[in-house]
>>> print(open('protein_9.pdb').read())   # PDB, C-alpha atoms
ATOM      1  CA  MET J 363      99.873 -61.983   8.833  1.00  0.00           C
ATOM      2  CA  SER J 364      99.346 -63.245   5.351  1.00  0.00           C
ATOM      3  CA  LYS J 365      97.853 -61.198   2.525  1.00  0.00           C
ATOM      4  CA  ASN J 366      94.462 -62.890   2.815  1.00  0.00           C
ATOM      5  CA  GLU J 367      94.228 -62.157   6.522  1.00  0.00           C
ATOM      6  CA  GLU J 368      95.177 -58.513   5.917  1.00  0.00           C
ATOM      7  CA  GLU J 369      92.519 -58.186   3.212  1.00  0.00           C
ATOM      8  CA  ILE J 370      89.889 -59.701   5.488  1.00  0.00           C
ATOM      9  CA  PHE J 371      90.884 -57.328   8.293  1.00  0.00           C
ATOM     10  CA  GLU J 372      90.708 -54.304   5.957  1.00  0.00           C
ATOM     11  CA  ASN J 373      87.308 -55.400   4.624  1.00  0.00           C
ATOM     12  CA  GLN J 374      85.955 -55.766   8.151  1.00  0.00           C
ATOM     13  CA  LYS J 375      87.340 -52.372   9.103  1.00  0.00           C
ATOM     14  CA  ALA J 376      85.819 -50.755   5.999  1.00  0.00           C
ATOM     15  CA  SER J 377      82.421 -52.337   6.627  1.00  0.00           C
ATOM     16  CA  ALA J 378      82.475 -51.163  10.267  1.00  0.00           C
ATOM     17  CA  GLU J 379      83.218 -47.616   9.129  1.00  0.00           C
ATOM     18  CA  ALA J 380      80.448 -47.777   6.525  1.00  0.00           C
ATOM     19  CA  ALA J 381      77.975 -48.890   9.187  1.00  0.00           C
ATOM     20  CA  GLU J 382      78.637 -45.748  11.184  1.00  0.00           C
ATOM     21  CA  THR J 383      77.914 -43.392   8.291  1.00  0.00           C
ATOM     22  CA  PRO J 384      74.773 -41.230   8.475  1.00  0.00           C
ATOM     23  CA  ALA J 385      73.233 -43.060   5.501  1.00  0.00           C
ATOM     24  CA  ALA J 386      73.339 -46.361   7.399  1.00  0.00           C
ATOM     25  CA  VAL J 387      71.820 -44.747  10.493  1.00  0.00           C
ATOM     26  CA  GLU J 388      69.021 -43.255   8.378  1.00  0.00           C
ATOM     27  CA  ALA J 389      68.320 -46.674   6.856  1.00  0.00           C
ATOM     28  CA  VAL J 390      67.929 -48.196  10.319  1.00  0.00           C
ATOM     29  CA  GLU J 391      65.575 -45.391  11.357  1.00  0.00           C
ATOM     30  CA  ALA J 392      63.558 -45.845   8.165  1.00  0.00           C
ATOM     31  CA  VAL J 393      63.072 -49.519   8.977  1.00  0.00           C
ATOM     32  CA  GLU J 394      61.853 -48.665  12.475  1.00  0.00           C
ATOM     33  CA  VAL J 395      59.363 -46.149  11.088  1.00  0.00           C
ATOM     34  CA  LYS J 396      58.012 -48.689   8.620  1.00  0.00           C
ATOM     35  CA  ALA J 397      57.301 -51.100  11.471  1.00  0.00           C
ATOM     36  CA  ASP J 398      54.835 -48.590  12.982  1.00  0.00           C
ATOM     37  CA  ALA J 399      53.306 -47.655   9.617  1.00  0.00           C
ATOM     38  CA  PRO J 400      50.367 -50.189   9.590  1.00  0.00           C
ATOM     39  CA  ALA J 401      48.995 -48.931  12.917  1.00  0.00           C
ATOM     40  CA  GLU J 402      49.202 -45.323  11.720  1.00  0.00           C
ATOM     41  CA  ALA J 403      47.591 -46.252   8.407  1.00  0.00           C
ATOM     42  CA  ALA J 404      44.708 -47.910  10.242  1.00  0.00           C
ATOM     43  CA  LYS J 405      44.162 -44.775  12.321  1.00  0.00           C
ATOM     44  CA  ALA J 406      44.251 -42.567   9.217  1.00  0.00           C
ATOM     45  CA  ALA J 407      41.738 -44.814   7.429  1.00  0.00           C
ATOM     46  CA  GLY J 408      39.300 -44.534  10.336  1.00  0.00           C
ATOM     47  CA  GLY J 409      39.843 -48.086  11.533  1.00  0.00           C
ATOM     48  CA  GLU J 410      40.520 -48.988  15.114  1.00  0.00           C
ATOM     49  CA  THR J 411      43.706 -50.487  16.417  1.00  0.00           C
ATOM     50  CA  PRO J 412      43.275 -54.057  17.696  1.00  0.00           C
ATOM     51  CA  ALA J 413      44.418 -53.411  21.258  1.00  0.00           C
ATOM     52  CA  ARG J 414      42.158 -50.709  22.672  1.00  0.00           C
ATOM     53  CA  LYS J 415      41.396 -50.238  26.303  1.00  0.00           C
ATOM     54  CA  GLY J 416      37.861 -51.055  27.375  1.00  0.00           C
ATOM     55  CA  GLU J 417      36.976 -53.324  24.436  1.00  0.00           C
ATOM     56  CA  ARG J 418      35.904 -56.895  25.012  1.00  0.00           C
ATOM     57  CA  GLY J 419      36.673 -59.848  22.865  1.00  0.00           C
ATOM     58  CA  ASN J 420      34.104 -62.316  21.631  1.00  0.00           C
ATOM     59  CA  ARG J 421      32.038 -63.862  24.369  1.00  0.00           C
ATOM     60  CA  ALA J 422      31.913 -67.607  24.850  1.00  0.00           C
ATOM     61  CA  GLN J 423      29.095 -69.195  22.885  1.00  0.00           C
ATOM     62  CA  LYS J 424      27.112 -71.905  24.626  1.00  0.00           C
ATOM     63  CA  VAL J 425      25.142 -74.604  22.864  1.00  0.00           C
ATOM     64  CA  GLY J 426      22.045 -75.888  24.613  1.00  0.00           C
ATOM     65  CA  ILE J 427      18.447 -77.017  24.394  1.00  0.00           C
ATOM     66  CA  VAL J 428      15.515 -74.653  24.852  1.00  0.00           C
ATOM     67  CA  SER J 429      13.720 -76.046  27.887  1.00  0.00           C
ATOM     68  CA  SER J 430      11.086 -73.342  28.354  1.00  0.00           C
ATOM     69  CA  ASP J 431       9.669 -70.534  26.261  1.00  0.00           C
ATOM     70  CA  LYS J 432       6.563 -69.813  28.333  1.00  0.00           C
ATOM     71  CA  MET J 433       7.661 -66.297  29.278  1.00  0.00           C
ATOM     72  CA  GLU J 434       6.921 -63.341  27.007  1.00  0.00           C
ATOM     73  CA  LYS J 435      10.420 -62.088  26.239  1.00  0.00           C
ATOM     74  CA  THR J 436      12.741 -64.643  27.804  1.00  0.00           C
ATOM     75  CA  CYS J 437      13.492 -68.298  27.159  1.00  0.00           C
ATOM     76  CA  VAL J 438      15.337 -70.791  29.322  1.00  0.00           C
ATOM     77  CA  VAL J 439      18.145 -72.762  27.713  1.00  0.00           C
ATOM     78  CA  ARG J 440      19.629 -75.875  29.328  1.00  0.00           C
ATOM     79  CA  VAL J 441      23.378 -76.271  28.764  1.00  0.00           C
ATOM     80  CA  ASP J 442      24.881 -79.711  29.456  1.00  0.00           C
ATOM     81  CA  ARG J 443      28.613 -80.201  30.028  1.00  0.00           C
ATOM     82  CA  LEU J 444      30.922 -82.946  31.193  1.00  0.00           C
ATOM     83  CA  ILE J 445      33.333 -82.341  34.067  1.00  0.00           C
ATOM     84  CA  LYS J 446      35.959 -84.735  35.345  1.00  0.00           C
ATOM     85  CA  HIS J 447      35.345 -85.662  38.986  1.00  0.00           C
ATOM     86  CA  PRO J 448      38.391 -84.689  41.069  1.00  0.00           C
ATOM     87  CA  ARG J 449      38.493 -87.866  43.160  1.00  0.00           C
ATOM     88  CA  TYR J 450      37.040 -90.581  40.967  1.00  0.00           C
ATOM     89  CA  ARG J 451      38.364 -89.250  37.656  1.00  0.00           C
ATOM     90  CA  ARG J 452      35.114 -90.088  35.908  1.00  0.00           C
ATOM     91  CA  TYR J 453      33.149 -87.657  33.818  1.00  0.00           C
ATOM     92  CA  VAL J 454      30.069 -86.247  35.543  1.00  0.00           C
ATOM     93  CA  ARG J 455      27.251 -84.544  33.654  1.00  0.00           C
ATOM     94  CA  ARG J 456      26.464 -81.004  34.871  1.00  0.00           C
ATOM     95  CA  ARG J 457      23.584 -78.809  33.790  1.00  0.00           C
ATOM     96  CA  SER J 458      23.070 -75.095  33.970  1.00  0.00           C
ATOM     97  CA  LYS J 459      20.054 -72.957  33.080  1.00  0.00           C
ATOM     98  CA  ILE J 460      20.720 -69.794  31.126  1.00  0.00           C
ATOM     99  CA  TYR J 461      18.081 -67.131  30.574  1.00  0.00           C
ATOM    100  CA  GLY J 462      18.199 -65.538  27.162  1.00  0.00           C
ATOM    101  CA  ALA J 463      16.214 -63.089  25.077  1.00  0.00           C
ATOM    102  CA  GLN J 464      14.132 -64.450  22.219  1.00  0.00           C
TER     103      GLN J 464
END
>>> encode(input="protein_9.pdb", output="structure tokens")
Amino acid sequence: MSKNEEEIFENQKASAEAAETPAAVEAVEAVEVKADAPAEAAKAAGGETPARKGERGNRAQKVGIVSSDKMEKTCVVRVDRLIKHPRYRRYVRRRSKIYGAQ
């Protein structure tokens, strides 16, 4: 082995030994703790974590035309949509009536 190869080998050996020291292990643990810190901070601040069981996301919003408002507390909204026909591959217009509160 040449001198350069011996120096490289010694440097690698020294860095491997330094990685096994308790200070290096503590640094790795500190990084892992910091990864969980935002969730704990949100709990401490009274906020909720984003992934809670039983919570729903935003519902789908439909856009339509009010077709009837003759009832006292309910209106009928007509929602039009285009669907591709499975056989003919043409777009077919479909309608649905949705009852909503005024």
>>> resolve_selection(input="protein_9.pdb", expression="the PyMOL selection byres ((chain J and resi 437-441) around 6)", output="mmCIF file with C-alpha atoms, in the frame of the given file")
data_model
loop_
_atom_site.group_PDB
_atom_site.id
_atom_site.type_symbol
_atom_site.label_atom_id
_atom_site.label_comp_id
_atom_site.auth_asym_id
_atom_site.auth_seq_id
_atom_site.Cartn_x
_atom_site.Cartn_y
_atom_site.Cartn_z
ATOM 1 C CA GLY J 426 22.045 -75.888 24.613
ATOM 2 C CA ILE J 427 18.447 -77.017 24.394
ATOM 3 C CA VAL J 428 15.515 -74.653 24.852
ATOM 4 C CA SER J 429 13.720 -76.046 27.887
ATOM 5 C CA SER J 430 11.086 -73.342 28.354
ATOM 6 C CA ASP J 431 9.669 -70.534 26.261
ATOM 7 C CA THR J 436 12.741 -64.643 27.804
ATOM 8 C CA ASP J 442 24.881 -79.711 29.456
ATOM 9 C CA ARG J 457 23.584 -78.809 33.790
ATOM 10 C CA SER J 458 23.070 -75.095 33.970
ATOM 11 C CA LYS J 459 20.054 -72.957 33.080
ATOM 12 C CA ILE J 460 20.720 -69.794 31.126
ATOM 13 C CA TYR J 461 18.081 -67.131 30.574
ATOM 14 C CA GLY J 462 18.199 -65.538 27.162
#
>>> atom_distance(input="protein_9.pdb", atom1="CA of Arg443 in chain J", atom2="CA of Ala422 in chain J")
14.0 Å
>>> atom_distance(input="protein_9.pdb", atom1="CA of Leu444 in chain J", atom2="CA of Asn420 in chain J")
23.0 Å
>>> atom_distance(input="protein_9.pdb", atom1="CA of Gln464 in chain J", atom2="CA of Glu434 in chain J")
8.7 Å
>>> axis_aligned_box(input="protein_9.pdb", around="range 452-457 of chain J", padding_each_side="4 Å", output="lines of an AutoDock Vina configuration file")
center_x = 29.3
center_y = -84.4
center_z = 34.8
size_x = 19.5
size_y = 19.3
size_z = 10.3
>>> decode(input="protein_9.pdb", residues="range 416-448 of chain J", atoms="N, CA and C atoms", output="short mmCIF file (atom, residue, chain, number, x, y, z; two decimals), in the first residue's frame")
data_model
loop_
_atom_site.label_atom_id
_atom_site.label_comp_id
_atom_site.auth_asym_id
_atom_site.auth_seq_id
_atom_site.Cartn_x
_atom_site.Cartn_y
_atom_site.Cartn_z
N GLY J 416 -62.27 9.61 12.51
CA GLY J 416 -63.63 10.06 12.58
C GLY J 416 -63.89 11.41 11.93
N GLU J 417 -62.86 12.10 11.47
CA GLU J 417 -63.07 13.39 10.82
C GLU J 417 -63.23 13.19 9.32
N ARG J 418 -64.08 14.00 8.73
CA ARG J 418 -64.28 13.93 7.29
C ARG J 418 -63.56 15.08 6.62
N GLY J 419 -63.20 14.86 5.40
CA GLY J 419 -62.61 15.94 4.62
C GLY J 419 -63.71 16.82 4.06
N ASN J 420 -63.35 17.69 3.17
CA ASN J 420 -64.33 18.57 2.54
C ASN J 420 -65.22 17.76 1.60
N ARG J 421 -66.49 18.04 1.65
CA ARG J 421 -67.42 17.34 0.77
C ARG J 421 -67.33 17.91 -0.64
N ALA J 422 -67.76 17.12 -1.59
CA ALA J 422 -67.74 17.57 -2.99
C ALA J 422 -68.80 18.66 -3.18
N GLN J 423 -68.42 19.73 -3.83
CA GLN J 423 -69.35 20.82 -4.08
C GLN J 423 -69.91 20.67 -5.49
N LYS J 424 -71.22 20.73 -5.57
CA LYS J 424 -71.90 20.61 -6.86
C LYS J 424 -72.38 21.98 -7.29
N VAL J 425 -72.35 22.22 -8.57
CA VAL J 425 -72.84 23.47 -9.14
C VAL J 425 -74.06 23.14 -9.96
N GLY J 426 -75.18 23.84 -9.70
CA GLY J 426 -76.40 23.54 -10.43
C GLY J 426 -77.30 24.75 -10.53
N ILE J 427 -78.50 24.51 -11.05
CA ILE J 427 -79.49 25.54 -11.26
C ILE J 427 -80.67 25.25 -10.35
N VAL J 428 -81.14 26.27 -9.65
CA VAL J 428 -82.31 26.09 -8.78
C VAL J 428 -83.52 25.90 -9.69
N SER J 429 -84.16 24.74 -9.59
CA SER J 429 -85.30 24.46 -10.46
C SER J 429 -86.63 24.65 -9.74
N SER J 430 -86.62 24.61 -8.40
CA SER J 430 -87.86 24.81 -7.67
C SER J 430 -87.54 25.32 -6.27
N ASP J 431 -88.28 26.37 -5.87
CA ASP J 431 -88.16 26.85 -4.50
C ASP J 431 -89.55 27.06 -3.90
N LYS J 432 -90.48 26.20 -4.29
CA LYS J 432 -91.87 26.32 -3.86
C LYS J 432 -92.10 25.79 -2.45
N MET J 433 -91.17 24.97 -1.95
CA MET J 433 -91.33 24.44 -0.60
C MET J 433 -90.86 25.48 0.41
N GLU J 434 -91.26 25.30 1.68
CA GLU J 434 -90.95 26.31 2.70
C GLU J 434 -89.47 26.36 3.06
N LYS J 435 -88.87 25.22 3.29
CA LYS J 435 -87.49 25.20 3.79
C LYS J 435 -86.51 24.50 2.86
N THR J 436 -87.00 23.98 1.76
CA THR J 436 -86.14 23.18 0.89
C THR J 436 -86.25 23.70 -0.54
N CYS J 437 -85.15 23.65 -1.27
CA CYS J 437 -85.18 23.98 -2.69
C CYS J 437 -84.62 22.79 -3.47
N VAL J 438 -84.98 22.72 -4.72
CA VAL J 438 -84.52 21.64 -5.58
C VAL J 438 -83.51 22.23 -6.55
N VAL J 439 -82.35 21.63 -6.62
CA VAL J 439 -81.29 22.09 -7.50
C VAL J 439 -81.03 21.01 -8.54
N ARG J 440 -80.97 21.43 -9.83
CA ARG J 440 -80.70 20.49 -10.91
C ARG J 440 -79.22 20.56 -11.25
N VAL J 441 -78.55 19.43 -11.19
CA VAL J 441 -77.11 19.36 -11.49
C VAL J 441 -76.95 18.59 -12.80
N ASP J 442 -76.34 19.24 -13.79
CA ASP J 442 -76.09 18.61 -15.09
C ASP J 442 -74.64 18.16 -15.14
N ARG J 443 -74.40 16.99 -15.75
CA ARG J 443 -73.03 16.50 -15.92
C ARG J 443 -72.95 15.72 -17.21
N LEU J 444 -71.75 15.62 -17.72
CA LEU J 444 -71.51 14.86 -18.95
C LEU J 444 -70.78 13.57 -18.61
N ILE J 445 -71.29 12.47 -19.16
CA ILE J 445 -70.68 11.15 -18.93
C ILE J 445 -70.41 10.52 -20.28
N LYS J 446 -69.27 9.89 -20.41
CA LYS J 446 -68.93 9.22 -21.66
C LYS J 446 -69.70 7.90 -21.74
N HIS J 447 -70.39 7.69 -22.85
CA HIS J 447 -71.14 6.45 -23.04
C HIS J 447 -70.16 5.30 -23.23
N PRO J 448 -70.37 4.18 -22.53
CA PRO J 448 -69.39 3.09 -22.59
C PRO J 448 -69.24 2.45 -23.98
#
